[in-house]
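Read through the structure below, which is laid out as structure tokens, and then see the notes.
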Amino acid sequence: MMKFRFRRQGNDPQREKIKQELFAFNKTVEHGFPHQPSALTFDPQLQLMAIGTKSGAIKIYGSPGVEFTGLHRDTAVVSQIHFLQGQVRLLGHFLASRVTVLLLLRSCDLLCVGTEGGAIHFLDLPRLSLRDNQSLLLDQVMQSVPEDYRCGKSLGPVESLQEHPQQPGKILIGYSRGLVVLWDLSTRNAEQMFLGKQQLESLVWERSGRSFVSSHSDGGYSLWAVASGNTYTHQPVSSSIPYVLYSGGMPRASYGDRHCVTIQQDKQHVTLDFTSRVIDFFTVHTTNLEHDYDDPSALVVLLEEELVVIDLLTTGWPSVPPPYLAPLHSSAITTSCHLDDVPAKLWDRLATAGNSQGTQHAHGSWPICGGKNLAPTPKQQELLLTGHEDGTVRFWDVSAVAMTPLYKLSTANVFHTDSLQEEEWPPFRKVGCFDPYSDDPRLGIQKISLCKYSCRLVVAGTAGQVIVLGLSDERSDHTVDVSTVDLLQDREGFTWKGHDRLEPRTSPAPFPPGFQPLVVVQALPPASVTAVTLHAEWNLVAFGTSHGFGLFDYHRHTAVLARCTLHPNDSLAMEGPLSRVKSLKKSLRQSFRRIRKSRVSGKKRPVPTPTSKEANAALADQEEVAPVQRRIEPRSADDSLSGVVRCLCFADTYLRDGTHHGPTLWAGTNSGSVYAYALEVPGVGGCVEAVLGKEIQLMHRAPVVSICVLDGRGKPLPEPYQASLDLATAPDMTNPHSVLIASEEQLKVFSLPKVGAKTKFKLTAHEGCRVRRVATVTVCSTAQEDYSETSLVCLTNLGDLHLFNVPVLRPQVRYDCIRKEDISGIASCVFTKNGQGFYLISPSEYQRFSLSAKVITEPLCTVELERPLEQHIRSLH
């Protein structure tokens, strides 16, 4: 008798080797603006900037692509950071109650630590060892102060420490009550005392060291003369200095709630008015000590929600568009969409439109230019589109490490909105782009679809608006046609209780170069759009809401199809998310805009994702369940919001029979229903027609997350125009097609046209696991240049990623990606076609990751020193 032993799947060494060459999980780079920044420093020698955060992160930035990130082991607020100049080394201070200020001497061998009690301690670097018996205590200073100045009062905490610009070893010490002392570290004596009487905020030296400026709590500043032989100076002198830059300084009664930085030069005077709190600022200026003045070329201001750079060499002191660190959350992000391999023509036209808006970074104008980017030139240009609460869509260059603004589209001018203009009083100038307010919450962008070959764009919003746009290089004034599609079709018993639709403009509106609206499709009722897809080759756009889905021919401006998916008990679908609070929100929004005291919370506003009620039905699936696969619990047919359309898909495939293929539209709902329509798309003249071809009801009524039609080779169909323009391999139309339907509970492949089940995988892991995001990705081998595989990637509500072979659905690898508690991170995740992904780790930052062992976008950079770091360390010892 012959015995056969079959090797189990997963234990094949050859397959395991191939998987290692294909798959690898890496979190690669954090794009965007650091969340809750708390400290700032700059190394003028190496041209590097560092930002510390409240979570203990320290991020170093130089020229675009030069980034380094460090994270403190414990969550702790970085209150101060200082560069050891020229050494690429940082000294950080985490929040402590007694320490008020740090001064790192230019020699980098001594750290002066000021405290709340008025004492100053001295630490040797790099060991951070305390110098014995050399601390400067408050009693020593008080003994040198005139009796009439003392008056029995304490001098208060140390507010400022500044080293003399020309004489190393001498420091200015500023105390809260107003006293300033020039202290000689070598002789341990006070050379001069400046008997100020106003509460002190800060000190800064004039470059020659002959004078310094003190700023005070009443908004004023004073210039003091430093002269040898004068032990006591009672009054400041009046003089003029070339540049004065300061934050605050506004009369509290009128402007105490504004966040300002003022620039004064001779008679020029500008007050930069920001929408978030000023953390710190520095100037980029000459480091040559022989120059009489700093000659600043740029002002860099770190705000709570953005970084603003002002060009001080150009007339009018304009802002410099950032090549990175742009505030992604200038308005709250509501959706995102990624495009790979963007054609050069589309890219250039978008860049030109962005240049005309002033949002494009000009090469060479960025003043923080340290380090060297060693990363190779990206093989393709990639776009990330973000939709926002204020009705804007922002286009970002994510081809490399630096996430750069490319172009911004606003949809607000298509409609009449309650925009509120604020008065500006000279010399105030609004600066920065962070704006937490939305003129109308109905403008919020919910879904985006872009065809990169035809330059057609569809954006859909919170009030049922679906806008089809085309790319134009010229400015245009025109009226936008509006078509309505009633998804209820006069069904009785349903009354919309939510927000009104947006009111379209009836007169011509100006549209700048870039994407301009061709037509607005208004879904009725005006509920939030939950799904949208575009097929530019057929001139069709499909959209879905909580009430149903529609199909629109934007070439002929005619509605093709309106299908209602409501269940009779679906009462929640008739109340919009804004219905109960709209009038209150509107009045509050206008009030906050006037007084500008509102602050955006640290957490990203959750995007409302309706969930179904638990059903008490019996288990419907009694078949044998494999040990690693969890039984699936059926859901009730009359769950609330069961009619929500979750996904839409166009495909050229076999639906009527196995010999004739043609255009089809697929729609999946929250209750596990899938509708497949056969489409007739005529040439010039004639109307598009849609006929229901198949209707599938998943057994357990789990929400349908994704639908993907596979060709005869089991590969996803190419995008519109890809095959006709010879940009992708033509689909296999000779062998039978299939459709992959992913629900929250399982993945299933059906044969076409008979819709017979071929294979399935019931997703498991832990109890309560639900599929949240699905995409097909192409993963290339690191070992074989021409070898790649198509995989299905699934993100679950537990934050883990599962990859499967397509079309057999065999599990390949699993990775932990996002914390399961991070609901907004999971909801915001978007995948790229080459095996990368993005998700929000804060309202202002995307974490980029890669599932591919070959395609990894991460910082690759260096900082060159004039002498090796070891020499620095030896000299310090």
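Scheme for the structure tokens: letters A, B, ... for chains in order shown; per-chain residue numbers from 1; ligand numbers from 1 in order shown.
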
Inset, instruction - Tell me which protein, DNA and RNA residues are within 7 Å of region 304-319 of chain A, counting only C-alpha atoms, leaving out same-chain ones fewer than 2 positions away, and put them as a list in words. - result: Phe33, Gln36, Pro37, Ser276, Arg277, Val278, Ile279, Pro296, Ser297, Ala298, Leu299, Val300, Val301, Leu302, Pro321, Leu325, Ala326, Pro327, Gly432 and Phe434 of chain A

Region 474-540 of chain A residues near region 442-462 of chain A within 12 Å, closest pair each, using only C-alpha atoms, as CSV:
```
residue,atom,partner,partner_atom,distance
A:Gly498,CA,A:Arg442,CA,11.1
A:His499,CA,A:Arg442,CA,8.1
A:Asp500,CA,A:Arg442,CA,8.8
A:Arg501,CA,A:Arg442,CA,8.0
A:Leu502,CA,A:Arg442,CA,7.1
A:Glu503,CA,A:Arg442,CA,10.7
A:Pro504,CA,A:Leu443,CA,11.8
A:Gly514,CA,A:Cys455,CA,10.2
A:Phe515,CA,A:Leu457,CA,7.7
A:Gln516,CA,A:Leu457,CA,9.3
A:Pro517,CA,A:Leu457,CA,9.0
A:Leu518,CA,A:Arg456,CA,9.7
A:Val519,CA,A:Val458,CA,10.0
A:Val520,CA,A:Ala460,CA,9.5
A:Val521,CA,A:Ala460,CA,9.2
A:Gln522,CA,A:Ala460,CA,9.6
A:Ala523,CA,A:Ala460,CA,10.1
A:Pro525,CA,A:Thr462,CA,11.4
A:Pro526,CA,A:Thr462,CA,7.9
A:Ala527,CA,A:Thr462,CA,6.5
A:Ser528,CA,A:Thr462,CA,4.0
A:Val529,CA,A:Gly461,CA,5.9
A:Thr530,CA,A:Gln446,CA,6.9
A:Ala531,CA,A:Lys447,CA,6.4
A:Val532,CA,A:Lys447,CA,6.3
A:Thr533,CA,A:Ser449,CA,6.1
A:Leu534,CA,A:Ser449,CA,6.3
A:His535,CA,A:Cys451,CA,7.7
A:Ala536,CA,A:Ser454,CA,6.6
A:Glu537,CA,A:Ser454,CA,8.1
A:Trp538,CA,A:Ser454,CA,11.2
A:Asn539,CA,A:Arg456,CA,9.4
A:Leu540,CA,A:Val458,CA,10.5
```

Inset, instruction - Do a neighbour search on Asp292 (chain A) at 9 Å with only C-alpha atoms, toss out local chain neighbours closer than 3 positions, and write the hits as a PyMOL selection string. - result: chain A and resi 207-208+289+295

Inset, instruction - Please run DSSP on the backbone and report, as a PyMOL selection string, all residues within region 634-677 of chain A that come out as strand (DSSP E). - result: chain A and resi 645-654+661-669+673-677

Restrict the selected residues to N, CA and C atoms and save them as a JSON list (two decimals), in the first residue's frame.
```json
[["chain", "number", "residue", "atom", "x", "y", "z"],
["A", 645, "VAL", "N", -26.07, 53.26, 0.85],
["A", 645, "VAL", "CA", -25.27, 52.71, -0.24],
["A", 645, "VAL", "C", -23.80, 52.88, 0.13],
["A", 646, "ARG", "N", -23.09, 51.75, 0.31],
["A", 646, "ARG", "CA", -21.72, 51.80, 0.79],
["A", 646, "ARG", "C", -20.68, 51.82, -0.34],
["A", 647, "CYS", "N", -21.01, 51.21, -1.49],
["A", 647, "CYS", "CA", -20.01, 51.16, -2.56],
["A", 647, "CYS", "C", -20.69, 51.08, -3.92],
["A", 648, "LEU", "N", -20.00, 51.58, -4.93],
["A", 648, "LEU", "CA", -20.46, 51.58, -6.32],
["A", 648, "LEU", "C", -19.30, 51.20, -7.22],
["A", 649, "CYS", "N", -19.63, 50.55, -8.35],
["A", 649, "CYS", "CA", -18.56, 50.05, -9.22],
["A", 649, "CYS", "C", -19.06, 49.97, -10.65],
["A", 650, "PHE", "N", -18.29, 50.51, -11.60],
["A", 650, "PHE", "CA", -18.54, 50.33, -13.03],
["A", 650, "PHE", "C", -17.65, 49.21, -13.55],
["A", 651, "ALA", "N", -18.16, 48.42, -14.50],
["A", 651, "ALA", "CA", -17.34, 47.35, -15.08],
["A", 651, "ALA", "C", -17.86, 46.96, -16.45],
["A", 652, "ASP", "N", -16.94, 46.67, -17.35],
["A", 652, "ASP", "CA", -17.29, 46.10, -18.65],
["A", 652, "ASP", "C", -17.15, 44.58, -18.51],
["A", 653, "THR", "N", -18.30, 43.89, -18.36],
["A", 653, "THR", "CA", -18.24, 42.46, -18.05],
["A", 653, "THR", "C", -19.48, 41.74, -18.56],
["A", 654, "TYR", "N", -19.57, 40.45, -18.23],
["A", 654, "TYR", "CA", -20.67, 39.60, -18.68],
["A", 654, "TYR", "C", -21.74, 39.56, -17.58],
["A", 661, "HIS", "N", -20.52, 40.85, -23.57],
["A", 661, "HIS", "CA", -20.14, 41.70, -22.43],
["A", 661, "HIS", "C", -20.51, 43.15, -22.75],
["A", 662, "GLY", "N", -20.58, 43.96, -21.71],
["A", 662, "GLY", "CA", -20.92, 45.37, -21.89],
["A", 662, "GLY", "C", -20.85, 46.12, -20.57],
["A", 663, "PRO", "N", -21.12, 47.43, -20.62],
["A", 663, "PRO", "CA", -21.05, 48.24, -19.40],
["A", 663, "PRO", "C", -22.06, 47.78, -18.35],
["A", 664, "THR", "N", -21.62, 47.79, -17.09],
["A", 664, "THR", "CA", -22.51, 47.45, -15.97],
["A", 664, "THR", "C", -22.24, 48.40, -14.81],
["A", 665, "LEU", "N", -23.23, 48.51, -13.93],
["A", 665, "LEU", "CA", -23.11, 49.28, -12.70],
["A", 665, "LEU", "C", -23.49, 48.38, -11.54],
["A", 666, "TRP", "N", -22.66, 48.35, -10.50],
["A", 666, "TRP", "CA", -22.90, 47.55, -9.32],
["A", 666, "TRP", "C", -23.01, 48.47, -8.11],
["A", 667, "ALA", "N", -23.97, 48.14, -7.21],
["A", 667, "ALA", "CA", -24.17, 48.93, -5.99],
["A", 667, "ALA", "C", -24.37, 47.99, -4.81],
["A", 668, "GLY", "N", -23.70, 48.29, -3.69],
["A", 668, "GLY", "CA", -23.84, 47.49, -2.47],
["A", 668, "GLY", "C", -24.35, 48.33, -1.32],
["A", 669, "THR", "N", -25.19, 47.76, -0.45],
["A", 669, "THR", "CA", -25.83, 48.53, 0.61],
["A", 669, "THR", "C", -25.46, 48.01, 2.00],
["A", 673, "SER", "N", -27.32, 43.96, 0.39],
["A", 673, "SER", "CA", -27.91, 43.84, -0.94],
["A", 673, "SER", "C", -26.93, 44.34, -1.99],
["A", 674, "VAL", "N", -26.88, 43.62, -3.13],
["A", 674, "VAL", "CA", -26.05, 44.04, -4.26],
["A", 674, "VAL", "C", -26.94, 44.10, -5.50],
["A", 675, "TYR", "N", -26.94, 45.24, -6.17],
["A", 675, "TYR", "CA", -27.73, 45.45, -7.38],
["A", 675, "TYR", "C", -26.77, 45.58, -8.56],
["A", 676, "ALA", "N", -27.01, 44.82, -9.63],
["A", 676, "ALA", "CA", -26.17, 44.89, -10.82],
["A", 676, "ALA", "C", -27.04, 45.28, -12.01],
["A", 677, "TYR", "N", -26.69, 46.38, -12.68],
["A", 677, "TYR", "CA", -27.46, 46.89, -13.82],
["A", 677, "TYR", "C", -26.65, 46.76, -15.09]]
```

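Residues within 12 Å of Leu727 (chain A), counting only C-alpha atoms and excluding same-chain residues fewer than 2 positions away, are Asp341, Val342, Pro343, Lys452, Tyr453, Pro718, Glu719, Pro720, Tyr721, Gln722, Ala723, Ser724, Leu725, Thr729, Ala730 and Pro731 of chain A.
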
Mind writing the picked residues with C-alpha atoms as a JSON list (two decimals), in the first residue's frame?
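Done, and the output landed in selection06.json:
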```
[["chain", "number", "residue", "atom", "x", "y", "z"],
["A", 341, "ASP", "CA", 1.37, 57.29, -11.63],
["A", 342, "VAL", "CA", -0.19, 60.67, -12.45],
["A", 343, "PRO", "CA", 0.37, 61.66, -16.12],
["A", 452, "LYS", "CA", -6.38, 61.12, -14.31],
["A", 453, "TYR", "CA", -6.56, 60.51, -18.07],
["A", 718, "PRO", "CA", -8.23, 48.33, -15.72],
["A", 719, "GLU", "CA", -9.37, 51.90, -15.06],
["A", 720, "PRO", "CA", -11.27, 53.80, -17.77],
["A", 721, "TYR", "CA", -9.00, 54.78, -20.69],
["A", 722, "GLN", "CA", -6.09, 52.63, -19.42],
["A", 723, "ALA", "CA", -6.63, 49.85, -21.94],
["A", 724, "SER", "CA", -7.72, 52.06, -24.85],
["A", 725, "LEU", "CA", -4.64, 54.27, -24.37],
["A", 729, "THR", "CA", -2.71, 45.25, -20.21],
["A", 730, "ALA", "CA", -6.11, 44.72, -21.86],
["A", 731, "PRO", "CA", -8.46, 42.64, -19.69]]
```

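These are the residues of region 176-328 of chain A assigned alpha helix (DSSP H) by DSSP from backbone coordinates: Arg252, Ala253, Ser254 and Tyr255 of chain A.
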
Selection above as a file: C-alpha atoms, as an mmCIF file, in the first residue's frame:
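As a result, selection.cif now contains:
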```
data_model
loop_
_atom_site.group_PDB
_atom_site.id
_atom_site.type_symbol
_atom_site.label_atom_id
_atom_site.label_comp_id
_atom_site.auth_asym_id
_atom_site.auth_seq_id
_atom_site.Cartn_x
_atom_site.Cartn_y
_atom_site.Cartn_z
ATOM 1 C CA ARG A 252 -5.850 93.457 26.086
ATOM 2 C CA ALA A 253 -9.116 95.377 26.264
ATOM 3 C CA SER A 254 -9.478 95.467 22.478
ATOM 4 C CA TYR A 255 -7.200 92.789 21.068
#
```

Legend entry - Shell around Leu551 (chain A) at 9 Å using only C-alpha atoms, local window under 5 positions removed, as JSON, numbers by chain: {"A": [485, 540, 541, 542, 543, 559, 560, 561, 562, 563, 665, 690]}

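Between CA of Met193 (chain A) and CA of Leu104 (chain A) the separation is 22.1 Å.
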
Inset, instruction - Within 8 Å of region 842-847 of chain A, counting only C-alpha atoms, which residues show up once you throw out same-chain ones fewer than 3 positions away? Write them as a count of residues only, please. - result: 20

Legend entry - All residues 8 Å or closer to Leu103 (chain A), only C-alpha atoms, same chain fewer than 4 positions away omitted, as a PyMOL selection string: chain A and resi 111-113+161-163

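Take the candidates A:Leu487, A:Leu203, A:Val261, A:Val401 and check each one against Phe68 (chain A) using only C-alpha atoms; the shortest distance goes to A:Val401.
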
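Computed from the coordinates, the CA of Phe552 (chain A) to CA of Gly686 (chain A) distance equals 14.3 Å.
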
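Ranking A:Ala119, A:Gln167, A:Leu125, A:Gln784 by their shortest atom-to-atom distance to Leu155 (chain A), with only C-alpha atoms included, puts A:Ala119 first.
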
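Computed from the coordinates, the CA of Pro378 (chain A) to CA of Pro64 (chain A) distance equals 13.6 Å.
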